[in-house]
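To be precise, the following lines are upload10.cif, and they hold mmCIF, C-alpha atoms and all ligand atoms.
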data_structure
#
loop_
_atom_site.label_atom_id
_atom_site.label_comp_id
_atom_site.auth_asym_id
_atom_site.auth_seq_id
_atom_site.Cartn_x
_atom_site.Cartn_y
_atom_site.Cartn_z
CA MET A 1 -81.56 -85.70 37.55
CA GLU A 2 -82.45 -82.17 38.70
CA PRO A 3 -83.42 -82.12 42.41
CA ASP A 4 -86.75 -80.41 41.64
CA LYS A 5 -87.73 -83.13 39.17
CA ALA A 6 -86.53 -85.91 41.50
CA ARG A 7 -88.54 -84.36 44.34
CA ARG A 8 -91.72 -84.31 42.20
CA GLN A 9 -91.17 -87.95 41.24
CA LEU A 10 -90.73 -88.91 44.90
CA VAL A 11 -93.98 -87.14 45.82
CA ASP A 12 -95.82 -88.99 43.02
CA TYR A 13 -94.41 -92.28 44.32
CA LEU A 14 -95.42 -91.48 47.93
CA LEU A 15 -98.93 -90.51 46.77
CA SER A 16 -99.46 -93.57 44.59
CA GLY A 17 -98.10 -95.86 47.32
CA GLY A 18 -100.63 -94.42 49.78
CA TYR A 19 -97.91 -93.04 52.09
CA ILE A 20 -98.95 -89.40 51.63
CA LEU A 21 -102.67 -89.01 52.35
CA SER A 22 -103.12 -85.29 53.00
CA ARG A 23 -102.53 -82.11 51.04
CA ARG A 24 -100.49 -80.64 53.93
CA VAL A 25 -97.99 -83.49 54.03
CA GLN A 26 -97.78 -83.43 50.23
CA GLU A 27 -96.98 -79.71 50.20
CA ALA A 28 -94.29 -80.16 52.86
CA PHE A 29 -92.55 -82.87 50.80
CA GLU A 30 -92.80 -80.62 47.73
CA SER A 31 -91.29 -77.65 49.59
CA VAL A 32 -88.42 -79.02 51.69
CA PRO A 33 -85.28 -79.90 49.67
CA ARG A 34 -84.18 -83.30 51.08
CA GLU A 35 -80.86 -83.07 49.18
CA LYS A 36 -79.75 -80.23 51.50
CA PHE A 37 -80.08 -82.45 54.60
CA VAL A 38 -78.08 -85.51 53.54
CA PRO A 39 -74.25 -85.70 53.52
CA GLU A 40 -72.74 -84.56 50.21
CA GLU A 41 -71.69 -88.09 49.16
CA TYR A 42 -75.34 -89.24 49.26
CA GLU A 43 -76.85 -86.22 47.56
CA ASN A 44 -77.57 -88.22 44.40
CA LYS A 45 -79.61 -90.68 46.49
CA SER A 46 -81.65 -87.98 48.29
CA TYR A 47 -84.86 -88.85 46.48
CA ASN A 48 -84.60 -92.64 46.65
CA ASP A 49 -87.01 -94.18 49.14
CA ILE A 50 -84.26 -95.43 51.44
CA PRO A 51 -82.75 -94.39 54.81
CA LEU A 52 -79.30 -92.78 54.47
CA PRO A 53 -76.36 -92.48 56.90
CA ILE A 54 -75.93 -88.97 58.37
CA GLY A 55 -72.80 -89.68 60.46
CA GLU A 56 -72.25 -90.81 64.07
CA GLY A 57 -73.99 -94.11 63.24
CA GLN A 58 -77.34 -92.32 62.78
CA THR A 59 -79.70 -92.25 59.80
CA ILE A 60 -82.27 -90.07 58.08
CA SER A 61 -85.38 -92.26 57.70
CA ALA A 62 -86.75 -93.37 54.32
CA PRO A 63 -89.23 -90.82 52.90
CA SER A 64 -92.12 -93.33 53.02
CA MET A 65 -91.51 -93.92 56.75
CA ILE A 66 -91.39 -90.16 57.37
CA ALA A 67 -94.65 -89.71 55.43
CA ILE A 68 -96.40 -92.42 57.47
CA MET A 69 -95.20 -90.83 60.71
CA LEU A 70 -96.31 -87.34 59.65
CA GLU A 71 -99.75 -88.60 58.61
CA VAL A 72 -100.40 -90.42 61.91
CA SER A 73 -99.19 -87.29 63.75
CA ASP A 74 -102.23 -85.40 62.40
CA LEU A 75 -100.47 -82.03 62.13
CA VAL A 76 -102.29 -78.78 61.41
CA PRO A 77 -101.13 -75.14 61.29
CA GLY A 78 -100.62 -73.47 64.67
CA LEU A 79 -99.63 -76.55 66.70
CA ARG A 80 -96.73 -76.60 69.18
CA VAL A 81 -94.55 -79.59 68.34
CA LEU A 82 -91.56 -81.14 70.11
CA GLU A 83 -89.39 -83.52 68.10
CA ILE A 84 -86.92 -85.83 69.81
CA GLY A 85 -83.96 -86.75 67.58
CA THR A 86 -83.17 -83.85 65.25
CA GLY A 87 -80.69 -85.95 63.24
CA SER A 88 -80.46 -84.42 59.77
CA GLY A 89 -83.13 -81.82 60.53
CA TYR A 90 -85.22 -82.89 57.53
CA ASN A 91 -88.24 -84.11 59.51
CA ALA A 92 -88.17 -81.03 61.77
CA CYS A 93 -88.32 -78.81 58.66
CA LEU A 94 -91.22 -80.82 57.18
CA ILE A 95 -93.08 -80.39 60.50
CA ALA A 96 -92.28 -76.64 60.54
CA ASN A 97 -93.60 -76.34 57.01
CA ILE A 98 -96.91 -77.91 58.07
CA VAL A 99 -97.47 -76.09 61.38
CA GLY A 100 -96.60 -72.68 59.90
CA ASP A 101 -97.28 -70.12 62.62
CA GLY A 102 -96.96 -72.81 65.30
CA PHE A 103 -93.75 -73.76 67.06
CA VAL A 104 -91.29 -76.56 66.42
CA THR A 105 -88.60 -77.43 68.94
CA SER A 106 -86.24 -80.31 68.22
CA ILE A 107 -83.73 -81.95 70.59
CA GLU A 108 -80.58 -83.85 69.56
CA ARG A 109 -78.11 -85.54 71.92
CA ILE A 110 -75.07 -85.72 69.59
CA GLU A 111 -73.23 -82.41 69.48
CA SER A 112 -71.67 -82.75 66.03
CA LEU A 113 -75.08 -83.50 64.45
CA PHE A 114 -76.68 -80.69 66.44
CA LEU A 115 -74.10 -78.15 65.20
CA ARG A 116 -74.18 -79.26 61.56
CA THR A 117 -77.96 -79.45 61.45
CA ARG A 118 -78.57 -76.12 63.13
CA GLN A 119 -76.66 -74.49 60.27
CA ILE A 120 -78.61 -76.37 57.59
CA ILE A 121 -81.97 -75.47 59.17
CA GLU A 122 -80.91 -71.83 59.31
CA ASN A 123 -79.84 -71.90 55.66
CA CYS A 124 -83.24 -73.33 54.71
CA GLY A 125 -84.99 -70.49 56.52
CA GLN A 126 -87.25 -72.82 58.54
CA LYS A 127 -88.50 -71.79 61.98
CA VAL A 128 -87.16 -74.59 64.20
CA ILE A 129 -85.64 -74.16 67.65
CA THR A 130 -82.84 -76.71 68.06
CA ILE A 131 -81.59 -77.87 71.44
CA LEU A 132 -78.63 -80.04 72.44
CA GLY A 133 -79.55 -82.46 75.21
CA ASP A 134 -81.33 -85.59 76.35
CA GLY A 135 -84.70 -85.50 74.63
CA THR A 136 -86.17 -88.17 76.93
CA LEU A 137 -86.37 -85.40 79.54
CA GLY A 138 -88.26 -83.15 77.14
CA TRP A 139 -87.98 -79.36 77.24
CA GLU A 140 -90.06 -78.01 80.06
CA LYS A 141 -89.76 -74.37 78.97
CA GLY A 142 -91.80 -74.93 75.80
CA ALA A 143 -94.48 -77.16 77.38
CA PRO A 144 -97.29 -78.03 77.00
CA TYR A 145 -96.95 -79.47 73.49
CA ASP A 146 -99.76 -80.48 71.15
CA ARG A 147 -97.56 -83.12 69.55
CA ILE A 148 -94.38 -84.89 70.66
CA ILE A 149 -92.73 -86.87 67.87
CA ILE A 150 -89.90 -89.27 68.79
CA THR A 151 -87.88 -90.26 65.74
CA ALA A 152 -85.88 -93.00 67.50
CA ALA A 153 -86.86 -96.44 68.86
CA ALA A 154 -88.18 -96.09 72.41
CA PRO A 155 -88.74 -98.80 75.06
CA ASN A 156 -91.98 -96.91 75.86
CA PHE A 157 -93.21 -93.31 76.01
CA PRO A 158 -90.85 -91.46 78.43
CA GLN A 159 -92.75 -90.20 81.50
CA PRO A 160 -91.46 -86.56 81.35
CA LEU A 161 -92.74 -86.34 77.77
CA ILE A 162 -96.22 -87.55 78.76
CA GLN A 163 -96.21 -84.86 81.46
CA GLN A 164 -95.25 -82.16 78.94
CA LEU A 165 -98.02 -83.18 76.53
CA ALA A 166 -101.18 -81.03 76.45
CA CYS A 167 -104.52 -82.63 77.27
CA GLY A 168 -105.83 -84.00 73.95
CA GLY A 169 -102.28 -83.88 72.56
CA LYS A 170 -100.58 -86.78 70.80
CA ILE A 171 -97.24 -88.48 71.35
CA ILE A 172 -95.84 -90.53 68.48
CA ALA A 173 -92.97 -93.05 68.64
CA PRO A 174 -91.64 -96.33 67.33
CA VAL A 175 -92.10 -98.39 70.52
CA GLY A 176 -90.40 -101.74 70.98
CA ALA A 177 -87.01 -103.41 70.84
CA ARG A 178 -83.69 -101.55 70.82
CA SER A 179 -82.62 -103.35 67.67
CA GLY A 180 -84.92 -105.13 65.26
CA LEU A 181 -88.47 -103.96 64.90
CA GLN A 182 -90.71 -101.55 66.75
CA MET A 183 -94.39 -100.67 66.29
CA LEU A 184 -95.28 -97.12 65.33
CA THR A 185 -97.51 -96.08 68.23
CA VAL A 186 -99.63 -92.98 68.85
CA GLY A 187 -100.76 -92.07 72.37
CA THR A 188 -103.50 -89.46 72.93
CA LYS A 189 -103.52 -87.80 76.34
CA LEU A 190 -106.89 -88.05 78.08
CA LYS A 191 -108.37 -85.70 80.69
CA ASP A 192 -107.24 -87.94 83.55
CA GLY A 193 -103.63 -87.75 82.29
CA SER A 194 -103.54 -91.32 80.96
CA LEU A 195 -102.81 -92.27 77.35
CA SER A 196 -105.13 -93.98 74.90
CA THR A 197 -102.89 -95.75 72.36
CA ASN A 198 -103.22 -96.80 68.74
CA VAL A 199 -100.68 -99.07 67.09
CA TYR A 200 -99.93 -98.66 63.40
CA CYS A 201 -97.20 -100.43 61.42
CA ALA A 202 -93.90 -102.19 62.15
CA CYS A 203 -90.78 -100.07 61.64
CA ALA A 204 -87.04 -100.03 62.38
CA PHE A 205 -85.38 -96.96 63.93
CA VAL A 206 -82.03 -96.26 65.64
CA PRO A 207 -82.37 -96.42 69.44
CA LEU A 208 -83.52 -93.60 71.68
CA LEU A 209 -80.76 -93.33 74.30
CA GLY A 210 -80.77 -91.32 77.52
CA THR A 211 -82.37 -91.32 80.97
CA HIS A 212 -85.75 -92.67 79.84
CA GLY A 213 -84.50 -94.43 76.70
CA PHE A 214 -82.38 -97.54 76.20
N1 LIG A 301 -85.64 -86.91 62.65
C1 LIG A 301 -84.34 -87.30 62.14
C2 LIG A 301 -84.07 -88.77 62.36
C3 LIG A 301 -82.74 -88.96 62.99
S1 LIG A 301 -82.35 -90.56 63.60
C4 LIG A 301 -84.17 -86.87 60.70
O1 LIG A 301 -85.10 -86.32 60.08
O2 LIG A 301 -83.08 -87.03 60.15
C5 LIG A 301 -82.61 -90.38 65.34
C6 LIG A 301 -81.82 -89.32 66.05
O3 LIG A 301 -82.20 -89.39 67.43
C7 LIG A 301 -80.30 -89.49 66.02
O4 LIG A 301 -79.72 -88.32 65.52
C8 LIG A 301 -79.94 -89.71 67.49
O5 LIG A 301 -78.69 -89.16 67.86
C9 LIG A 301 -81.08 -89.02 68.19
N2 LIG A 301 -81.30 -89.41 69.60
C10 LIG A 301 -81.26 -90.64 70.17
N3 LIG A 301 -81.54 -90.57 71.49
C11 LIG A 301 -81.78 -89.25 71.76
C12 LIG A 301 -82.11 -88.52 72.94
N4 LIG A 301 -82.27 -89.11 74.14
N5 LIG A 301 -82.27 -87.18 72.85
C13 LIG A 301 -82.13 -86.54 71.66
N6 LIG A 301 -81.81 -87.16 70.51
C14 LIG A 301 -81.64 -88.51 70.56
#
Kindly transcribe the structure held in the file into structure tokens.
Ligand code: SAH
Amino acid sequence: MEPDKARRQLVDYLLSGGYILSRRVQEAFESVPREKFVPEEYENKSYNDIPLPIGEGQTISAPSMIAIMLEVSDLVPGLRVLEIGTGSGYNACLIANIVGDGFVTSIERIESLFLRTRQIIENCGQKVITILGDGTLGWEKGAPYDRIIITAAAPNFPQPLIQQLACGGKIIAPVGARSGLQMLTVGTKLKDGSLSTNVYCACAFVPLLGTHGF
């Protein structure tokens, strides 16, 4: 099937399943070509609602999971967003599509993924700054962030990331066990610097490693 047609079918499925709730998330899924972000041997599965291997034991999440995460992240144009776990780069490009004139910075710890993905993002013409390093330490230079989105399973919200979050900003992560299930959790930073948290659904992500990870 043609990628454009497959992409439209996926969007219909995500809308009818209640995964996509907003026009902005819908338009991002319609605009970003998922087939460009998966390894060549999985290109024909790009628009199936399943996670796919991207090398180095890592995965690109299933589209429905990505849609849920983007919706709870409450993204609007102009926001400054930090993503931890660039992986394939697909989610970073969806975020960039939504925030438009805002800023997206994404950190990856595995060099081979970082190098491959940086090229793909460039080819897609999306405005994403990619950084190689330990994302649990954040990226002080770009702080404060309106949103920090961790796309790997975290034991809890890393302290440096809470510090780099703007007042009123949101931090989103699958929080829980290293293997097995986590709960998709959103923390909103209050005036006193503490977090008010909301827990959404169960999910299963690859682990967040590093200083404040597993
Ligand atoms: N957002 C990605 C999902 C990738 S899976 C996508 O759209 O494809 C999670 C990624 O987090 C993996 O690539 C893994 O290497 C990375 N990761 C794990 N711990 C990390 C850390 N401390 N800093 C940066 N990246 C990390």
Selected residue of minimal separation from ligand LIG 301 (chain A) among A:Gly125, A:Gly180, A:Pro144, A:Gly138, counting all atoms listed in the file: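 Comparing A:Gly125, A:Gly180, A:Pro144, A:Gly138 against ligand LIG 301 (chain A), the winner is A:Gly138.
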Please provide as a PyMOL selection string all residues within 6 Å of Val175 of chain A, with the sequence filter that same-chain residues fewer than 3 positions apart are discarded (counting all atoms listed in the file). chain A and resi 153-156+182-183
Would you pick out the contacts of segment 200-203 of chain A at 8 Å or less, using all atoms listed in the file, so that residues sharing its chain but fewer than 5 positions from it are not included, and give the list as a PyMOL selection string? chain A and resi 65+174+181-186
Counting all atoms listed in the file, what is within 12 Å of Leu113 of chain A, bar same-chain residues fewer than 4 positions away, as JSON, numbers by chain? {"A": [37, 38, 39, 53, 54, 55, 56, 57, 58, 59, 60, 85, 86, 87, 88, 89, 107, 108, 109, 117, 118, 119, 120, 121, 130, 131, 132, 133]}
Keeping only C-alpha atoms, write those residues as a tab-separated table (two decimals), in the coordinates of the input.
chain	number	residue	atom	x	y	z
A	37	PHE	CA	-80.08	-82.45	54.60
A	38	VAL	CA	-78.08	-85.51	53.54
A	39	PRO	CA	-74.25	-85.70	53.52
A	53	PRO	CA	-76.36	-92.48	56.90
A	54	ILE	CA	-75.93	-88.97	58.37
A	55	GLY	CA	-72.80	-89.68	60.46
A	56	GLU	CA	-72.25	-90.81	64.07
A	57	GLY	CA	-73.99	-94.11	63.24
A	58	GLN	CA	-77.34	-92.32	62.78
A	59	THR	CA	-79.70	-92.25	59.80
A	60	ILE	CA	-82.27	-90.07	58.08
A	85	GLY	CA	-83.96	-86.75	67.58
A	86	THR	CA	-83.17	-83.85	65.25
A	87	GLY	CA	-80.69	-85.95	63.24
A	88	SER	CA	-80.46	-84.42	59.77
A	89	GLY	CA	-83.13	-81.82	60.53
A	107	ILE	CA	-83.73	-81.95	70.59
A	108	GLU	CA	-80.58	-83.85	69.56
A	109	ARG	CA	-78.11	-85.54	71.92
A	117	THR	CA	-77.96	-79.45	61.45
A	118	ARG	CA	-78.57	-76.12	63.13
A	119	GLN	CA	-76.66	-74.49	60.27
A	120	ILE	CA	-78.61	-76.37	57.59
A	121	ILE	CA	-81.97	-75.47	59.17
A	130	THR	CA	-82.84	-76.71	68.06
A	131	ILE	CA	-81.59	-77.87	71.44
A	132	LEU	CA	-78.63	-80.04	72.44
A	133	GLY	CA	-79.55	-82.46	75.21
What is the distance between atom CA of Phe157 of chain A and atom O1 of ligand LIG 301 (chain A), in Å to one decimal? 19.2 Å
I want to know what sits within 6 Å of segment 187-196 of chain A, based on only C-alpha atoms, with residues of the same chain fewer than 5 positions away left out; could you give that as a ChimeraX atom specification? /A:167-171
Please, what distance in Å, to one decimal, runs between atom CA of Ser22 of chain A and atom CA of Glu71 of chain A? 7.3 Å
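Between atom CA of Ser64 of chain A and atom CA of Pro51 of chain A there is a distance of 9.6 Å.
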Considering all atoms listed in the file, return as JSON, numbers by chain whatever protein or nucleic-acid residues lie within 12 Å of Val99 of chain A, sequence-local ones (same chain, fewer than 3 positions apart) excluded. {"A": [24, 25, 27, 28, 70, 73, 74, 75, 76, 77, 78, 79, 80, 81, 82, 92, 93, 94, 95, 96, 102, 103, 104, 105, 126, 127, 128, 146, 147]}
Using the selection just defined, write its residues with C-alpha atoms as a compact mmCIF listing (two decimals), in the frame of the given file.
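New file result.txt:
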# COMPACT_ATOMS: atom_id res chain seq x y z
CA ARG A 24 -100.49 -80.64 53.93
CA VAL A 25 -97.99 -83.49 54.03
CA GLU A 27 -96.98 -79.71 50.20
CA ALA A 28 -94.29 -80.16 52.86
CA LEU A 70 -96.31 -87.34 59.65
CA SER A 73 -99.19 -87.29 63.75
CA ASP A 74 -102.23 -85.40 62.40
CA LEU A 75 -100.47 -82.03 62.13
CA VAL A 76 -102.29 -78.78 61.41
CA PRO A 77 -101.13 -75.14 61.29
CA GLY A 78 -100.62 -73.47 64.67
CA LEU A 79 -99.63 -76.55 66.70
CA ARG A 80 -96.73 -76.60 69.18
CA VAL A 81 -94.55 -79.59 68.34
CA LEU A 82 -91.56 -81.14 70.11
CA ALA A 92 -88.17 -81.03 61.77
CA CYS A 93 -88.32 -78.81 58.66
CA LEU A 94 -91.22 -80.82 57.18
CA ILE A 95 -93.08 -80.39 60.50
CA ALA A 96 -92.28 -76.64 60.54
CA GLY A 102 -96.96 -72.81 65.30
CA PHE A 103 -93.75 -73.76 67.06
CA VAL A 104 -91.29 -76.56 66.42
CA THR A 105 -88.60 -77.43 68.94
CA GLN A 126 -87.25 -72.82 58.54
CA LYS A 127 -88.50 -71.79 61.98
CA VAL A 128 -87.16 -74.59 64.20
CA ASP A 146 -99.76 -80.48 71.15
CA ARG A 147 -97.56 -83.12 69.55
Point out the residue among A:Ala177, A:Leu21, A:Leu15, A:Ala143 with the least atom-to-atom distance to Gln164 of chain A, counting all atoms listed in the file.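 Comparing A:Ala177, A:Leu21, A:Leu15, A:Ala143 against Gln164 of chain A, the winner is A:Ala143.
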Ranking A:Ile148, A:Val32, A:Ile20, A:Ala173 by minimum distance to Arg7 of chain A and counting all atoms listed in the file, which one comes first?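 Going through A:Ile148, A:Val32, A:Ile20, A:Ala173 one by one, the smallest distance to Arg7 of chain A is for A:Val32.
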